[in-house]
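Enquirer: Here you go, entry-v2.txt (compact mmCIF, C-alpha atoms):
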```txt
# COMPACT_ATOMS: atom_id res chain seq x y z
CA MET A 33 19.45 -3.31 -21.36
CA SER A 34 16.09 -1.81 -20.46
CA LYS A 35 15.53 0.32 -17.37
CA VAL A 36 12.97 -0.23 -14.63
CA PHE A 37 12.07 2.87 -12.65
CA VAL A 38 10.76 2.42 -9.10
CA PHE A 39 9.03 5.28 -7.29
CA ALA A 40 9.66 4.44 -3.64
CA GLU A 41 7.36 5.69 -0.93
CA HIS A 42 8.87 5.99 2.53
CA LYS A 43 8.08 7.28 5.99
CA SER A 44 10.76 9.70 7.23
CA GLY A 45 13.44 7.79 5.33
CA SER A 46 12.24 4.27 6.14
CA LEU A 47 11.10 2.42 3.02
CA LYS A 48 7.57 1.08 3.00
CA ARG A 49 7.20 -2.64 2.34
CA GLY A 50 5.59 -1.99 -1.03
CA ALA A 51 8.72 -0.16 -2.19
CA MET A 52 10.95 -3.05 -1.10
CA GLU A 53 8.74 -5.51 -2.97
CA LEU A 54 8.99 -3.51 -6.20
CA LEU A 55 12.72 -2.90 -5.98
CA GLN A 56 13.42 -6.61 -5.53
CA ALA A 57 10.99 -7.55 -8.32
CA ALA A 58 12.70 -5.06 -10.61
CA LYS A 59 16.10 -6.50 -9.75
CA LYS A 60 14.91 -10.05 -10.56
CA SER A 61 13.87 -8.87 -14.03
CA GLY A 62 17.53 -8.49 -14.95
CA HIS A 63 17.09 -4.87 -16.03
CA ALA A 64 18.89 -1.83 -14.66
CA VAL A 65 16.96 -0.56 -11.63
CA ILE A 66 16.56 3.19 -11.20
CA GLY A 67 14.80 4.59 -8.15
CA MET A 68 13.38 7.88 -6.99
CA ALA A 69 12.67 9.22 -3.51
CA VAL A 70 11.30 12.60 -2.48
CA GLY A 71 10.33 14.38 0.71
CA SER A 72 11.78 14.49 4.19
CA GLY A 73 14.23 11.63 4.67
CA ALA A 74 14.62 10.94 0.94
CA GLU A 75 18.41 10.70 1.16
CA VAL A 76 18.17 8.03 3.86
CA ALA A 77 15.57 6.14 1.84
CA ALA A 78 17.79 6.37 -1.24
CA LYS A 79 20.62 4.56 0.56
CA GLU A 80 18.22 1.83 1.68
CA MET A 81 16.98 1.46 -1.89
CA GLY A 82 20.49 0.45 -2.87
CA HIS A 83 20.29 -2.44 -0.41
CA HIS A 84 17.20 -3.72 -2.23
CA GLY A 85 18.56 -3.60 -5.77
CA ALA A 86 18.59 -0.03 -7.08
CA LYS A 87 21.78 0.94 -8.90
CA GLU A 88 20.89 4.61 -9.24
CA VAL A 89 18.50 6.69 -7.12
CA HIS A 90 17.32 10.19 -7.93
CA VAL A 91 16.51 12.57 -5.09
CA ILE A 92 14.89 16.00 -5.35
CA LYS A 93 15.41 18.00 -2.17
CA ASP A 94 12.83 20.65 -1.50
CA PRO A 95 10.56 21.40 1.49
CA GLY A 96 7.64 21.63 -0.92
CA LEU A 97 7.86 17.87 -1.47
CA ASN A 98 7.70 16.93 2.22
CA ASN A 99 3.94 16.61 1.84
CA TYR A 100 2.05 15.48 -1.25
CA ASN A 101 1.17 18.24 -3.69
CA PRO A 102 -0.04 16.75 -7.00
CA GLU A 103 1.34 19.52 -9.21
CA LEU A 104 4.79 19.57 -7.61
CA TYR A 105 5.08 15.78 -7.48
CA ALA A 106 3.96 15.39 -11.10
CA ALA A 107 6.52 17.96 -12.24
CA ALA A 108 9.32 16.36 -10.20
CA VAL A 109 8.66 12.78 -11.31
CA THR A 110 8.15 13.75 -14.96
CA PHE A 111 11.47 15.64 -14.90
CA VAL A 112 13.38 12.58 -13.66
CA LEU A 113 11.59 10.26 -16.09
CA GLU A 114 12.59 12.47 -19.01
CA LYS A 115 16.19 12.41 -17.72
CA THR A 116 16.39 8.64 -17.25
CA GLN A 117 14.11 7.39 -20.08
CA PRO A 118 13.01 4.07 -18.49
CA GLN A 119 10.84 1.56 -20.30
CA ILE A 120 8.97 0.35 -17.17
CA LEU A 121 7.75 2.23 -14.08
CA LEU A 122 6.65 0.50 -10.87
CA ALA A 123 4.95 2.09 -7.87
CA SER A 124 2.73 0.94 -5.02
CA ALA A 125 -1.02 1.30 -5.55
CA SER A 126 -1.28 3.74 -2.64
CA SER A 127 -3.68 6.68 -2.44
CA LEU A 128 -0.80 8.97 -3.42
CA ALA A 129 0.24 6.89 -6.44
CA LYS A 130 -3.32 6.37 -7.66
CA ASP A 131 -3.69 10.15 -7.78
CA LEU A 132 -0.22 10.94 -9.12
CA PHE A 133 0.53 8.45 -11.87
CA PRO A 134 -2.60 8.83 -14.01
CA LYS A 135 -1.58 12.50 -14.28
CA ILE A 136 1.92 11.48 -15.35
CA ALA A 137 0.58 8.89 -17.80
CA ALA A 138 -1.58 11.59 -19.40
CA ARG A 139 1.39 13.99 -19.58
CA MET A 140 3.58 11.38 -21.24
CA ASN A 141 0.88 9.77 -23.39
CA THR A 142 1.60 6.33 -22.03
CA GLY A 143 -0.26 3.34 -20.57
CA ILE A 144 -0.99 2.58 -16.92
CA ALA A 145 -2.31 -0.50 -15.08
CA SER A 146 -3.49 0.23 -11.56
CA ASP A 147 -4.31 -1.86 -8.48
CA CYS A 148 -2.49 -4.96 -9.74
CA THR A 149 -1.95 -8.12 -7.70
CA GLU A 150 0.48 -10.03 -9.94
CA LEU A 151 3.41 -8.83 -12.04
CA ASN A 152 5.58 -10.46 -14.68
CA ILE A 153 8.46 -8.80 -16.51
CA SER A 154 10.03 -10.77 -19.36
CA GLY A 155 12.40 -8.67 -21.39
CA ASP A 156 10.45 -5.58 -22.40
CA VAL A 157 7.11 -7.39 -22.12
CA VAL A 158 5.15 -6.52 -18.98
CA THR A 159 1.99 -8.33 -17.94
CA ALA A 160 -0.05 -7.82 -14.79
CA LYS A 161 -3.19 -9.19 -13.16
CA LYS A 162 -5.83 -7.02 -11.53
CA PRO A 163 -9.25 -7.61 -9.95
CA LEU A 164 -12.47 -6.33 -11.50
CA TYR A 165 -16.03 -5.97 -10.21
CA SER A 166 -15.10 -6.04 -6.52
CA GLY A 167 -12.88 -9.08 -6.99
CA LYS A 168 -15.50 -11.19 -8.80
CA ALA A 169 -13.24 -11.42 -11.87
CA PHE A 170 -9.61 -10.85 -12.80
CA ALA A 171 -8.10 -9.30 -15.91
CA SER A 172 -4.69 -9.94 -17.45
CA VAL A 173 -3.21 -6.65 -18.59
CA CYS A 174 -0.47 -5.99 -21.17
CA PHE A 175 0.76 -2.90 -22.99
CA GLU A 176 0.69 -2.02 -26.68
CA ASN A 177 2.30 1.01 -28.31
CA SER A 178 3.29 2.40 -24.91
CA PRO A 179 6.82 3.82 -24.67
CA LEU A 180 6.59 3.68 -20.86
CA LYS A 181 4.68 0.93 -19.08
CA ILE A 182 3.35 2.05 -15.66
CA VAL A 183 2.20 -0.59 -13.17
CA LEU A 184 0.78 0.23 -9.73
CA MET A 185 1.00 -2.83 -7.47
CA ARG A 186 -0.94 -3.50 -4.28
CA ALA A 187 1.34 -3.91 -1.27
CA ASN A 188 1.89 -7.35 0.32
CA GLN A 189 1.61 -9.15 -3.03
CA LEU A 190 5.28 -9.85 -3.78
CA PRO A 191 7.95 -11.57 -1.68
CA VAL A 192 10.60 -9.59 0.18
CA SER A 193 13.97 -11.02 1.18
CA SER A 194 16.49 -9.52 3.58
CA ALA A 195 18.30 -6.37 2.46
CA ASP A 196 21.83 -6.77 1.12
CA THR A 197 23.77 -4.03 2.88
CA THR A 198 26.81 -4.69 0.69
CA GLN A 199 24.94 -3.27 -2.31
CA THR A 200 24.86 0.48 -2.77
CA ALA A 201 23.29 2.88 -5.22
CA GLN A 202 24.62 5.98 -6.91
CA ILE A 203 22.59 8.89 -5.55
CA VAL A 204 21.83 11.71 -7.98
CA GLU A 205 20.49 14.91 -6.44
CA HIS A 206 18.44 17.50 -8.32
CA PRO A 207 17.21 20.98 -7.38
CA MET A 208 13.45 21.45 -7.21
CA ILE A 209 11.73 21.92 -10.54
CA ALA A 210 10.08 25.29 -10.99
CA VAL A 211 6.35 24.99 -11.68
CA ALA A 212 4.79 27.89 -13.53
CA ASP A 213 1.28 28.94 -12.60
CA LEU A 214 1.05 26.69 -9.55
CA LYS A 215 -2.64 26.21 -8.78
CA THR A 216 -2.36 24.07 -5.64
CA ILE A 217 -0.84 25.43 -2.43
CA LEU A 218 -0.60 23.09 0.54
CA LYS A 219 -0.88 25.07 3.77
CA GLU A 220 -1.22 22.44 6.49
CA VAL A 221 -1.30 18.68 6.98
CA VAL A 222 -2.87 17.22 10.11
CA HIS A 223 -1.46 13.77 10.84
CA GLY A 224 -3.18 11.11 12.91
CA ALA A 225 -1.70 10.20 16.26
CA SER A 226 -1.19 6.50 15.44
CA GLU A 227 2.36 5.30 14.90
CA LYS A 228 1.22 1.94 13.56
CA LEU A 229 1.70 0.80 9.99
CA ASP A 230 -0.71 2.02 7.36
CA LEU A 231 -3.46 -0.51 6.65
CA THR A 232 -2.15 -1.24 3.16
CA GLU A 233 1.29 -2.13 4.51
CA ALA A 234 0.25 -4.04 7.64
CA ASN A 235 0.94 -7.76 7.96
CA ILE A 236 -1.88 -8.21 10.49
CA VAL A 237 -5.15 -6.25 10.43
CA VAL A 238 -7.94 -6.33 13.03
CA SER A 239 -11.13 -4.73 11.70
CA GLY A 240 -14.39 -3.89 13.44
CA GLY A 241 -17.95 -3.41 12.26
CA ARG A 242 -21.39 -2.54 13.57
CA GLY A 243 -21.33 -5.53 15.88
CA LEU A 244 -19.16 -3.42 18.22
CA LYS A 245 -22.32 -1.36 18.94
CA GLU A 246 -20.50 1.90 19.77
CA ALA A 247 -17.24 3.74 19.12
CA GLY A 248 -15.86 3.17 22.61
CA ASN A 249 -15.82 -0.58 22.07
CA PHE A 250 -13.03 -0.22 19.50
CA LYS A 251 -10.81 -0.37 22.59
CA LEU A 252 -11.28 -4.15 22.45
CA LEU A 253 -9.72 -4.19 18.99
CA ASN A 254 -6.95 -1.78 19.96
CA ASP A 255 -6.00 -4.05 22.88
CA LEU A 256 -5.87 -7.09 20.60
CA ALA A 257 -3.94 -5.19 17.93
CA ASP A 258 -1.38 -4.02 20.51
CA VAL A 259 -0.67 -7.63 21.48
CA LEU A 260 -0.35 -8.80 17.86
CA GLY A 261 1.47 -5.74 16.50
CA ALA A 262 -1.49 -5.23 14.19
CA THR A 263 -3.20 -2.23 12.61
CA VAL A 264 -6.89 -1.57 13.28
CA GLY A 265 -9.35 -1.17 10.42
CA ALA A 266 -13.10 -0.71 10.12
CA SER A 267 -16.09 -1.31 7.89
CA ARG A 268 -17.78 1.51 6.02
CA ALA A 269 -20.83 1.39 8.30
CA VAL A 270 -18.88 2.46 11.38
CA VAL A 271 -16.91 5.06 9.43
CA ASP A 272 -20.17 6.56 8.15
CA ALA A 273 -21.46 6.52 11.72
CA GLY A 274 -18.50 8.68 12.75
CA TRP A 275 -17.02 6.11 15.14
CA VAL A 276 -13.60 6.12 13.44
CA PRO A 277 -11.92 8.22 10.70
CA HIS A 278 -12.13 7.33 7.00
CA GLY A 279 -8.43 6.42 6.96
CA MET A 280 -9.34 3.23 8.83
CA GLN A 281 -11.92 2.06 6.29
CA VAL A 282 -11.32 -1.22 4.51
CA GLY A 283 -13.37 -1.81 1.39
CA GLN A 284 -14.23 -0.73 -2.11
CA THR A 285 -14.49 2.94 -1.14
CA GLY A 286 -11.73 2.69 1.48
CA LYS A 287 -8.38 0.92 1.49
CA THR A 288 -7.50 -2.39 -0.09
CA VAL A 289 -5.46 -4.63 2.19
CA ALA A 290 -3.65 -7.95 1.73
CA PRO A 291 -2.25 -8.93 5.14
CA THR A 292 -1.09 -12.38 6.18
CA LEU A 293 -3.81 -12.36 8.86
CA TYR A 294 -7.12 -10.46 8.75
CA ILE A 295 -9.41 -10.63 11.80
CA ALA A 296 -12.95 -9.40 11.09
CA VAL A 297 -14.84 -8.60 14.30
CA GLY A 298 -18.58 -7.90 14.16
CA ILE A 299 -18.48 -7.42 10.39
CA SER A 300 -21.28 -9.02 8.38
CA GLY A 301 -19.31 -9.12 5.12
CA ALA A 302 -20.96 -6.87 2.55
CA ILE A 303 -19.49 -7.29 -0.94
CA GLN A 304 -17.91 -3.83 -0.76
CA HIS A 305 -15.97 -4.80 2.35
CA LEU A 306 -14.96 -8.19 0.96
CA ALA A 307 -13.54 -6.44 -2.10
CA GLY A 308 -11.10 -4.57 0.14
CA MET A 309 -9.78 -7.59 2.05
CA SER A 310 -10.08 -10.45 -0.43
CA GLY A 311 -6.30 -10.59 -0.84
CA SER A 312 -5.79 -11.59 2.81
CA LYS A 313 -3.94 -14.89 3.24
CA VAL A 314 -5.80 -16.03 6.37
CA VAL A 315 -9.18 -14.61 7.43
CA VAL A 316 -10.63 -15.09 10.92
CA ALA A 317 -14.25 -14.01 11.32
CA ILE A 318 -15.98 -13.40 14.67
CA ASN A 319 -19.73 -12.84 14.49
CA ASN A 320 -22.81 -13.97 16.43
CA ASP A 321 -24.76 -14.57 13.21
CA PRO A 322 -23.83 -17.96 11.69
CA ALA A 323 -25.38 -16.86 8.37
CA ALA A 324 -23.17 -13.76 8.03
CA PRO A 325 -21.61 -13.62 4.53
CA ILE A 326 -18.14 -13.05 6.05
CA PHE A 327 -18.03 -16.75 7.03
CA GLN A 328 -18.09 -17.74 3.35
CA LYS A 329 -14.73 -16.01 2.92
CA ALA A 330 -13.24 -16.96 6.30
CA THR A 331 -10.45 -19.45 6.79
CA TYR A 332 -11.57 -19.80 10.39
CA GLY A 333 -14.89 -18.72 11.87
CA ILE A 334 -16.02 -18.15 15.43
CA VAL A 335 -19.77 -17.90 16.00
CA GLY A 336 -20.19 -16.11 19.30
CA ASP A 337 -20.46 -12.87 21.22
CA LEU A 338 -17.46 -10.73 20.27
CA PHE A 339 -17.52 -9.13 23.73
CA ASP A 340 -16.68 -12.55 25.18
CA VAL A 341 -14.48 -13.84 22.35
CA VAL A 342 -12.15 -10.89 21.71
CA PRO A 343 -10.97 -10.39 25.33
CA LYS A 344 -10.31 -14.14 25.59
CA LEU A 345 -8.32 -14.08 22.34
CA THR A 346 -6.31 -11.14 23.61
CA GLU A 347 -5.42 -12.97 26.81
CA GLU A 348 -4.52 -16.18 24.98
CA PHE A 349 -2.30 -14.32 22.52
CA LYS A 350 -0.56 -12.60 25.43
CA LYS A 351 0.19 -15.98 27.00
CA ALA A 352 1.34 -17.51 23.73
CA LEU A 353 3.64 -14.61 22.85
CA LYS A 354 5.34 -14.75 26.27
CA HIS A 355 6.74 -18.20 25.43
```
Could you render the structure as structure tokens?
Expert:
Amino acid sequence: MSKVFVFAEHKSGSLKRGAMELLQAAKKSGHAVIGMAVGSGAEVAAKEMGHHGAKEVHVIKDPGLNNYNPELYAAAVTFVLEKTQPQILLASASSLAKDLFPKIAARMNTGIASDCTELNISGDVVTAKKPLYSGKAFASVCFENSPLKIVLMRANQLPVSSADTTQTAQIVEHPMIAVADLKTILKEVVHGASEKLDLTEANIVVSGGRGLKEAGNFKLLNDLADVLGATVGASRAVVDAGWVPHGMQVGQTGKTVAPTLYIAVGISGAIQHLAGMSGSKVVVAINNDPAAPIFQKATYGIVGDLFDVVPKLTEEFKKALKH
């Protein structure tokens, strides 16, 4: 039986949705599922991984792994991979993984497919689908002469069922791997104040563009997002203007999202932005320009003044969610 290795990202021990998706997909393949968790809360995450299909989870406990350091993470993951010898590796296509796993692929002389939206595992054959040219085309990807097949999947692409708390995983702990000639030293990480889900994991995203006119008007979106339990995003134009931080940017040079509901407020719909939200299941566009390109991609469109429309939507959602 082959082995599928899942690198699970978590937040203080709570698995991210992308990790749950991959664990359950790995389990459905019929192969043995091996997981790995690192950083603060890794032991808690490891137990939860068992509920989603992992039979064995490797944990490396070291304060140096509490925050992402590419050299330390690459050494730690490579060490566990050499111990377990899997044939397939799955990870979410997060900013961390997109930086980490090309390094590991180079170290291990193996193939990697990144930013995938579909995954199929049949025996030892792995195929994936990924967008190209800002989503204008899609490529089917397979592996040849690759002892380890690495696939980085976008979050919110695969189904997730309820956890089975009767299933448990064997937890294997390792000491930190010594890294000679460490070139990267992480001194401080400044976290944002928001406790909401990361854009890539969110099921509902409310994004704003230049139509909001100024940074202070993002309060309209925050109020709507609070009612819906959504995460707030932004177009590149307002990020470049300094209205919001880059971590909120949706688009080709920002984050790629695939929520169930995407509400675009005052966003014209440049191709770079559409590339970042094209995987959304339902798109609602609010813009006072009926010719805005965003309407071509919208499931529902509202042509009107966002300063009238958004507050009314917020009030109507409040009423609806009370019942």
Enquirer: With distances taken over only C-alpha atoms, which residue among A:Lys79, A:Lys135, A:His84, A:Lys329 lies nearest Ile203 of chain A?
Expert: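 For Ile203 of chain A, the nearest of the candidates is A:Lys79.
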Enquirer: Compile a residue-level contact table for segment 78-165 of chain A against segment 204-218 of chain A at a cut-off of 9 Å, reporting for every qualifying residue the shortest atom pair and its distance in Å to one decimal, with only C-alpha atoms counted, rows ordered by chain and ascending number, as CSV.
Expert:
```
residue,atom,partner,partner_atom,distance
A:Glu88,CA,A:Val204,CA,7.3
A:Val89,CA,A:Val204,CA,6.1
A:His90,CA,A:Val204,CA,4.8
A:Val91,CA,A:Glu205,CA,4.8
A:Ile92,CA,A:His206,CA,4.9
A:Lys93,CA,A:Pro207,CA,6.3
A:Asp94,CA,A:Met208,CA,5.8
A:Gly96,CA,A:Leu218,CA,8.5
A:Leu97,CA,A:Met208,CA,8.8
A:Asn99,CA,A:Leu218,CA,8.0
A:Tyr100,CA,A:Leu218,CA,8.3
A:Asn101,CA,A:Leu218,CA,6.7
A:Pro102,CA,A:Thr216,CA,7.8
A:Glu103,CA,A:Thr216,CA,6.9
A:Leu104,CA,A:Val211,CA,7.0
A:Ala107,CA,A:Ile209,CA,6.8
A:Ala108,CA,A:Ile209,CA,6.1
A:Phe111,CA,A:Ile209,CA,7.6
A:Val112,CA,A:His206,CA,8.9
```
Enquirer: So which residues touch segment 50-65 of chain A within 10 Å, counting only C-alpha atoms, skipping near sequence neighbours fewer than 6 positions away, as an MDAnalysis selection string?
Expert: chainID A and resid 33:42 80:89 118:126 151:156 184:195 201 232:233
Enquirer: Using all atoms of segment 121-134 of chain A that appear in the file, construct an axis-aligned enclosing box with 5 Å of padding on every side and provide its centre coordinates and edge lengths in Å, rounded to one decimal, as JSON.
Expert:
```
{"center_x": 2.0, "center_y": 5.7, "center_z": -8.3, "size_x": 21.4, "size_y": 20.4, "size_z": 21.6}
```
Enquirer: Enter the distance from atom CA of His305 of chain A to atom CA of Phe327 of chain A, in Å, rounded to one decimal.
Expert: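 Result for atom CA of His305 of chain A versus atom CA of Phe327 of chain A: 13.0 Å, one decimal.
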Enquirer: Quick one: everything within 8 Å of Leu253 of chain A, counting all atoms listed in the file, minus sequence neighbours fewer than 3 positions away in the same chain. Send it as a list in words.
Expert: Val238, Ser239, Gly240, Asn249, Phe250, Leu256, Ala257, Val264 and Val342 of chain A
Enquirer: Given the point (-24.7, -17.1, 9.7) in the coordinates of this file, which residues lie within 12 Å, counting only C-alpha atoms, and how would they look as a ChimeraX atom specification?
Expert: /A:298-301,317-328,330,333-336
Enquirer: Using Å and a single decimal, report how far atom CA of Ser44 of chain A sits from atom CA of Gln199 of chain A.
Expert: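 One can read the atom CA of Gln199 of chain A to atom CA of Ser44 of chain A distance as 21.5 Å.
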Enquirer: Set the distance at 12 Å and use only C-alpha atoms: which residues neighbour Ser172 of chain A once local chain neighbours fewer than 2 positions away are removed? I'd like the list as a list in words.
Expert: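 Returned residues: Ala145, Ser146, Cys148, Thr149, Glu150, Leu151, Asn152, Val158, Thr159, Ala160, Lys161, Lys162, Pro163, Leu164, Ala169, Phe170, Cys174 and Phe175 of chain A.
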Enquirer: Could the residues in this selection be saved with C-alpha atoms as a compact mmCIF listing (two decimals), in the frame of the given file?
Expert:
```
# COMPACT_ATOMS: atom_id res chain seq x y z
CA ALA A 145 -2.31 -0.50 -15.08
CA SER A 146 -3.49 0.23 -11.56
CA CYS A 148 -2.49 -4.96 -9.74
CA THR A 149 -1.95 -8.12 -7.70
CA GLU A 150 0.48 -10.03 -9.94
CA LEU A 151 3.41 -8.83 -12.04
CA ASN A 152 5.58 -10.46 -14.68
CA VAL A 158 5.15 -6.52 -18.98
CA THR A 159 1.99 -8.33 -17.94
CA ALA A 160 -0.05 -7.82 -14.79
CA LYS A 161 -3.19 -9.19 -13.16
CA LYS A 162 -5.83 -7.02 -11.53
CA PRO A 163 -9.25 -7.61 -9.95
CA LEU A 164 -12.47 -6.33 -11.50
CA ALA A 169 -13.24 -11.42 -11.87
CA PHE A 170 -9.61 -10.85 -12.80
CA CYS A 174 -0.47 -5.99 -21.17
CA PHE A 175 0.76 -2.90 -22.99
```
Enquirer: Measuring between all atoms listed in the file, which one of A:Asp340, A:Glu114, A:Glu75, A:Glu246 shows the shortest distance to Pro179 of chain A?
Expert: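 Using all atoms listed in the file, the shortest distance to Pro179 of chain A belongs to A:Glu114.
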Enquirer: One number please: atom CA of Lys313 of chain A to atom CA of Pro277 of chain A, in Å, one decimal.
Expert: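 Computed distance, atom CA of Lys313 of chain A to atom CA of Pro277 of chain A, equals 25.6 Å.
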Enquirer: What would segment 266-281 of chain A look like with N, CA and C atoms restored, written as a PDB file, in the coordinates of the input?
Expert:
```
ATOM      1  N   ALA A 266     -11.666  -0.819   9.830  1.00  0.00           N
ATOM      2  CA  ALA A 266     -13.100  -0.710  10.120  1.00  0.00           C
ATOM      3  C   ALA A 266     -13.906  -0.897   8.846  1.00  0.00           C
ATOM      4  N   SER A 267     -15.169  -1.218   9.025  1.00  0.00           N
ATOM      5  CA  SER A 267     -16.090  -1.310   7.890  1.00  0.00           C
ATOM      6  C   SER A 267     -16.637   0.092   7.578  1.00  0.00           C
ATOM      7  N   ARG A 268     -17.240   0.212   6.425  1.00  0.00           N
ATOM      8  CA  ARG A 268     -17.780   1.510   6.020  1.00  0.00           C
ATOM      9  C   ARG A 268     -18.890   1.966   6.953  1.00  0.00           C
ATOM     10  N   ALA A 269     -19.683   1.018   7.454  1.00  0.00           N
ATOM     11  CA  ALA A 269     -20.830   1.390   8.300  1.00  0.00           C
ATOM     12  C   ALA A 269     -20.382   2.178   9.521  1.00  0.00           C
ATOM     13  N   VAL A 270     -19.302   1.757  10.172  1.00  0.00           N
ATOM     14  CA  VAL A 270     -18.880   2.460  11.380  1.00  0.00           C
ATOM     15  C   VAL A 270     -18.141   3.756  11.049  1.00  0.00           C
ATOM     16  N   VAL A 271     -17.517   3.801   9.875  1.00  0.00           N
ATOM     17  CA  VAL A 271     -16.910   5.060   9.430  1.00  0.00           C
ATOM     18  C   VAL A 271     -17.995   6.082   9.150  1.00  0.00           C
ATOM     19  N   ASP A 272     -19.049   5.652   8.443  1.00  0.00           N
ATOM     20  CA  ASP A 272     -20.170   6.560   8.150  1.00  0.00           C
ATOM     21  C   ASP A 272     -20.870   7.014   9.421  1.00  0.00           C
ATOM     22  N   ALA A 273     -20.838   6.170  10.448  1.00  0.00           N
ATOM     23  CA  ALA A 273     -21.460   6.520  11.720  1.00  0.00           C
ATOM     24  C   ALA A 273     -20.613   7.491  12.532  1.00  0.00           C
ATOM     25  N   GLY A 274     -19.377   7.742  12.066  1.00  0.00           N
ATOM     26  CA  GLY A 274     -18.500   8.680  12.750  1.00  0.00           C
ATOM     27  C   GLY A 274     -17.731   8.078  13.912  1.00  0.00           C
ATOM     28  N   TRP A 275     -17.729   6.751  14.024  1.00  0.00           N
ATOM     29  CA  TRP A 275     -17.020   6.110  15.140  1.00  0.00           C
ATOM     30  C   TRP A 275     -15.504   6.222  14.967  1.00  0.00           C
ATOM     31  N   VAL A 276     -15.038   6.084  13.733  1.00  0.00           N
ATOM     32  CA  VAL A 276     -13.600   6.120  13.440  1.00  0.00           C
ATOM     33  C   VAL A 276     -13.389   6.927  12.157  1.00  0.00           C
ATOM     34  N   PRO A 277     -12.171   7.434  11.907  1.00  0.00           N
ATOM     35  CA  PRO A 277     -11.920   8.220  10.700  1.00  0.00           C
ATOM     36  C   PRO A 277     -11.892   7.367   9.430  1.00  0.00           C
ATOM     37  N   HIS A 278     -12.073   8.022   8.298  1.00  0.00           N
ATOM     38  CA  HIS A 278     -12.130   7.330   7.000  1.00  0.00           C
ATOM     39  C   HIS A 278     -10.832   6.598   6.683  1.00  0.00           C
ATOM     40  N   GLY A 279      -9.717   7.076   7.213  1.00  0.00           N
ATOM     41  CA  GLY A 279      -8.430   6.420   6.960  1.00  0.00           C
ATOM     42  C   GLY A 279      -8.364   4.998   7.446  1.00  0.00           C
ATOM     43  N   MET A 280      -9.312   4.594   8.300  1.00  0.00           N
ATOM     44  CA  MET A 280      -9.340   3.230   8.830  1.00  0.00           C
ATOM     45  C   MET A 280     -10.250   2.312   8.019  1.00  0.00           C
ATOM     46  N   GLN A 281     -10.923   2.858   7.017  1.00  0.00           N
ATOM     47  CA  GLN A 281     -11.920   2.060   6.290  1.00  0.00           C
ATOM     48  C   GLN A 281     -11.291   1.077   5.327  1.00  0.00           C
TER      49      GLN A 281
END
```
